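Trainee: Sending over a structure as structure tokens; questions will come in a sec.
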Amino acid sequence: MWLTFALLSAVFASLTSILAKVGIDGVNSNLATAIRTAVVLVMAWGMVFLTNTQGGITEISKRSWLFLILSGLATGASWLCYYRALQIGEASKVVPIDKLSVVITLVMAFVFLHEQFTAKSLLGCALIGAGTLLMVL
């Protein structure tokens with residue numbers, strides 16, 4: 001089931017890039033990010049209430065709150081930078097660089113979460129890095 005959601009995430013992420021590139025034309029990138037974020041906020045809380053999981057908010061630990069807030073700040077910074085890059089660059093070059101997050105995530109997962117690198121993940125990192133270079137240069 002996780003694979004289905006991961007593939008859907010990739011499809012929606014690609015739509016995000018294309019729709020954002022068209023929508024950001026003539027709009028300040030920070031304003032565009034704020035509008036996008038407001039829509040995501042409404043959608044996310046809508047899902048919480050639709051699935052009746054709002055009661056779980058009181059059970060969240062302080063540690064989880066801290067890391068969820070930090071994750072939100074990182075998301076916000078990523079989106080602000082991404083929209084600015086999309087506004088001034090070509091989507092076909094911005095998106096591959098943005099997807100280097102896969103490589104960076106694997107390295108950070110190794111360093112901070114002590115997840116193991118395998119020959120397959122190392123090869124994947126190298127191929128993603130090489131593919132990004134080929135697409136951007």
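Labels for the structure tokens follow display order: chains A, B, ..., residues from 1 in each chain, ligands from 1.
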Against range 119-123 of chain A, which residues of range 36-104 of chain A fall within 12 Å? For each one I want the closest pair of atoms and the distance in Å (one decimal), counting only C-alpha atoms, rows by chain and increasing residue number, as CSV.

Mentor:
residue,atom,partner,partner_atom,distance
A:Val102,CA,A:Ser121,CA,10.5
A:Val103,CA,A:Leu122,CA,9.1
A:Ile104,CA,A:Leu122,CA,11.8

Trainee: Can you pull out the residues contacting range 39-41 of chain A? Cut-off 12 Å, using only C-alpha atoms, and skip same-chain residues under 6 positions away; I want them as number ranges by chain.

Mentor: A: 16, 32-33, 47-48, 72, 75-76, 79

Trainee: Could those selected residues go to a file with all heavy atoms, as an mmCIF file, in the first residue's frame?

Mentor:
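Output (result31.cif):
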data_model
loop_
_atom_site.group_PDB
_atom_site.id
_atom_site.type_symbol
_atom_site.label_atom_id
_atom_site.label_comp_id
_atom_site.auth_asym_id
_atom_site.auth_seq_id
_atom_site.Cartn_x
_atom_site.Cartn_y
_atom_site.Cartn_z
ATOM 1 N N THR A 16 2.211 19.480 -9.197
ATOM 2 C CA THR A 16 2.503 20.683 -8.419
ATOM 3 C C THR A 16 3.476 21.578 -9.174
ATOM 4 O O THR A 16 3.282 22.794 -9.258
ATOM 5 C CB THR A 16 3.107 20.297 -7.056
ATOM 6 O OG1 THR A 16 2.149 19.538 -6.333
ATOM 7 C CG2 THR A 16 3.500 21.511 -6.250
ATOM 8 N N ALA A 32 2.624 33.534 -3.716
ATOM 9 C CA ALA A 32 2.172 32.267 -4.310
ATOM 10 C C ALA A 32 2.348 31.116 -3.318
ATOM 11 O O ALA A 32 1.465 30.258 -3.187
ATOM 12 C CB ALA A 32 2.948 31.987 -5.596
ATOM 13 N N THR A 33 3.461 31.119 -2.598
ATOM 14 C CA THR A 33 3.695 30.073 -1.595
ATOM 15 C C THR A 33 2.666 30.159 -0.483
ATOM 16 O O THR A 33 2.157 29.137 -0.011
ATOM 17 C CB THR A 33 5.117 30.188 -1.027
ATOM 18 O OG1 THR A 33 6.061 30.088 -2.094
ATOM 19 C CG2 THR A 33 5.398 29.081 -0.017
ATOM 20 N N MET A 47 -8.970 16.649 6.014
ATOM 21 C CA MET A 47 -8.753 15.203 6.127
ATOM 22 C C MET A 47 -8.772 14.747 7.579
ATOM 23 O O MET A 47 -9.272 13.663 7.890
ATOM 24 C CB MET A 47 -7.418 14.801 5.470
ATOM 25 C CG MET A 47 -7.456 14.839 3.956
ATOM 26 S SD MET A 47 -8.744 13.767 3.253
ATOM 27 C CE MET A 47 -8.215 12.159 3.795
ATOM 28 N N VAL A 48 -8.214 15.576 8.472
ATOM 29 C CA VAL A 48 -8.233 15.243 9.898
ATOM 30 C C VAL A 48 -9.677 15.104 10.381
ATOM 31 O O VAL A 48 -10.037 14.125 11.048
ATOM 32 C CB VAL A 48 -7.469 16.308 10.726
ATOM 33 C CG1 VAL A 48 -7.753 16.152 12.220
ATOM 34 C CG2 VAL A 48 -5.971 16.218 10.459
ATOM 35 N N GLY A 72 7.795 21.353 9.743
ATOM 36 C CA GLY A 72 6.981 22.382 9.096
ATOM 37 C C GLY A 72 7.816 23.578 8.667
ATOM 38 O O GLY A 72 7.621 24.122 7.578
ATOM 39 N N THR A 75 9.732 22.536 5.661
ATOM 40 C CA THR A 75 8.822 22.508 4.514
ATOM 41 C C THR A 75 8.594 23.916 3.984
ATOM 42 O O THR A 75 8.653 24.159 2.780
ATOM 43 C CB THR A 75 7.474 21.865 4.898
ATOM 44 O OG1 THR A 75 7.710 20.514 5.294
ATOM 45 C CG2 THR A 75 6.491 21.891 3.749
ATOM 46 N N GLY A 76 8.317 24.845 4.898
ATOM 47 C CA GLY A 76 8.096 26.232 4.490
ATOM 48 C C GLY A 76 9.294 26.819 3.778
ATOM 49 O O GLY A 76 9.161 27.459 2.732
ATOM 50 N N TRP A 79 9.539 25.235 0.315
ATOM 51 C CA TRP A 79 8.532 25.759 -0.613
ATOM 52 C C TRP A 79 8.856 27.180 -1.059
ATOM 53 O O TRP A 79 8.685 27.522 -2.227
ATOM 54 C CB TRP A 79 7.157 25.720 0.013
ATOM 55 C CG TRP A 79 6.567 24.340 0.123
ATOM 56 C CD1 TRP A 79 7.139 23.153 -0.263
ATOM 57 C CD2 TRP A 79 5.291 24.005 0.655
ATOM 58 N NE1 TRP A 79 6.288 22.106 0.011
ATOM 59 C CE2 TRP A 79 5.157 22.600 0.569
ATOM 60 C CE3 TRP A 79 4.266 24.747 1.213
ATOM 61 C CZ2 TRP A 79 4.019 21.933 1.004
ATOM 62 C CZ3 TRP A 79 3.130 24.078 1.644
ATOM 63 C CH2 TRP A 79 3.013 22.686 1.540
#

Trainee: If you measure from CA of Leu86 in chain A to CA of Arg36 in chain A, what distance in Å do you get, rounded to one decimal?

Mentor: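 Interatomic distance, CA of Leu86 in chain A to CA of Arg36 in chain A: 13.9 Å.
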
Trainee: Using DSSP on the backbone coordinates, identify the residues of range 22-111 of chain A assigned to alpha helix (DSSP H); present them as a ChimeraX atom specification.

Mentor: /A:22-23,29-50,62-88,91-98,101-111

Trainee: Need the shell around Tyr83 in chain A: protein/DNA/RNA residues with any atom at most 10 Å away, counting only C-alpha atoms. Skip same-chain ones fewer than 4 positions apart. Format as a PDB file with N, CA and C atoms, in the first residue's frame?

Mentor:
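What landed in selection-v4.pdb:
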ATOM      1  N   SER A  17       4.521  20.992  -9.700  1.00  0.00           N
ATOM      2  CA  SER A  17       5.542  21.770 -10.415  1.00  0.00           C
ATOM      3  C   SER A  17       4.975  22.445 -11.652  1.00  0.00           C
ATOM      4  N   ALA A  20       2.246  25.033 -10.676  1.00  0.00           N
ATOM      5  CA  ALA A  20       2.874  26.189 -10.023  1.00  0.00           C
ATOM      6  C   ALA A  20       3.589  27.067 -11.039  1.00  0.00           C
ATOM      7  N   LYS A  21       4.289  26.464 -11.971  1.00  0.00           N
ATOM      8  CA  LYS A  21       5.030  27.246 -12.974  1.00  0.00           C
ATOM      9  C   LYS A  21       4.062  28.114 -13.772  1.00  0.00           C
ATOM     10  N   ILE A  24       2.362  30.838 -11.200  1.00  0.00           N
ATOM     11  CA  ILE A  24       3.220  31.834 -10.568  1.00  0.00           C
ATOM     12  C   ILE A  24       3.557  33.002 -11.499  1.00  0.00           C
ATOM     13  N   ASN A  28       4.151  37.338  -7.082  1.00  0.00           N
ATOM     14  CA  ASN A  28       5.308  37.249  -6.199  1.00  0.00           C
ATOM     15  C   ASN A  28       5.415  35.825  -5.663  1.00  0.00           C
ATOM     16  N   SER A  29       6.611  35.268  -5.664  1.00  0.00           N
ATOM     17  CA  SER A  29       6.786  33.871  -5.273  1.00  0.00           C
ATOM     18  C   SER A  29       6.398  33.627  -3.807  1.00  0.00           C
ATOM     19  N   ASN A  30       6.645  34.596  -2.933  1.00  0.00           N
ATOM     20  CA  ASN A  30       6.257  34.422  -1.522  1.00  0.00           C
ATOM     21  C   ASN A  30       4.740  34.416  -1.365  1.00  0.00           C
ATOM     22  N   LEU A  31       4.062  35.289  -2.107  1.00  0.00           N
ATOM     23  CA  LEU A  31       2.600  35.318  -2.080  1.00  0.00           C
ATOM     24  C   LEU A  31       2.037  34.012  -2.634  1.00  0.00           C
ATOM     25  N   ALA A  32       2.624  33.534  -3.716  1.00  0.00           N
ATOM     26  CA  ALA A  32       2.172  32.267  -4.310  1.00  0.00           C
ATOM     27  C   ALA A  32       2.348  31.116  -3.318  1.00  0.00           C
ATOM     28  N   THR A  33       3.461  31.119  -2.598  1.00  0.00           N
ATOM     29  CA  THR A  33       3.695  30.073  -1.595  1.00  0.00           C
ATOM     30  C   THR A  33       2.666  30.159  -0.483  1.00  0.00           C
ATOM     31  N   SER A  78      11.633  25.165   2.228  1.00  0.00           N
ATOM     32  CA  SER A  78      11.753  24.463   0.946  1.00  0.00           C
ATOM     33  C   SER A  78      10.792  25.045  -0.083  1.00  0.00           C
ATOM     34  N   TRP A  79       9.539  25.235   0.315  1.00  0.00           N
ATOM     35  CA  TRP A  79       8.532  25.759  -0.613  1.00  0.00           C
ATOM     36  C   TRP A  79       8.856  27.180  -1.059  1.00  0.00           C
ATOM     37  N   GLN A  87      10.006  30.489 -10.301  1.00  0.00           N
ATOM     38  CA  GLN A  87       9.651  31.769 -10.893  1.00  0.00           C
ATOM     39  C   GLN A  87      10.754  32.283 -11.811  1.00  0.00           C
ATOM     40  N   ILE A  88      11.995  32.072 -11.433  1.00  0.00           N
ATOM     41  CA  ILE A  88      13.094  32.645 -12.222  1.00  0.00           C
ATOM     42  C   ILE A  88      13.820  31.618 -13.091  1.00  0.00           C
ATOM     43  N   GLY A  89      13.494  30.343 -12.921  1.00  0.00           N
ATOM     44  CA  GLY A  89      14.164  29.304 -13.702  1.00  0.00           C
ATOM     45  C   GLY A  89      13.182  28.458 -14.482  1.00  0.00           C
ATOM     46  N   VAL A  94      14.716  23.210 -12.587  1.00  0.00           N
ATOM     47  CA  VAL A  94      14.491  23.377 -11.147  1.00  0.00           C
ATOM     48  C   VAL A  94      14.087  22.044 -10.508  1.00  0.00           C
TER      49      VAL A  94
END

Trainee: What does the distance between CA of Ser61 in chain A and CA of Leu80 in chain A come to in Å, to one decimal place?

Mentor: 28.4 Å

Trainee: Determine the nearest neighbour of Val95 in chain A from the options A:Ile60, A:Ala44, A:Leu70, A:Cys81, counting only C-alpha atoms.

Mentor: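 Closest candidate: A:Cys81.
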
Trainee: Using only C-alpha atoms, which protein or nucleic acid residues come within 12 Å of Glu115 in chain A? Drop anything in the same chain fewer than 6 positions from it, and give the result as a PyMOL selection string.

Mentor: chain A and resi 105-109+121

Trainee: Of the residues A:Ile57, A:Leu19, A:Leu7, A:Ile97, which is the one nearest to Tyr82 in chain A, using only C-alpha atoms?

Mentor: A:Ile97

Trainee: In Å, how far is it from CA of Thr132 in chain A to CA of Val111 in chain A?

Mentor: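 Taking CA of Thr132 in chain A as the start and CA of Val111 in chain A as the end point, the length is 22.8 Å.
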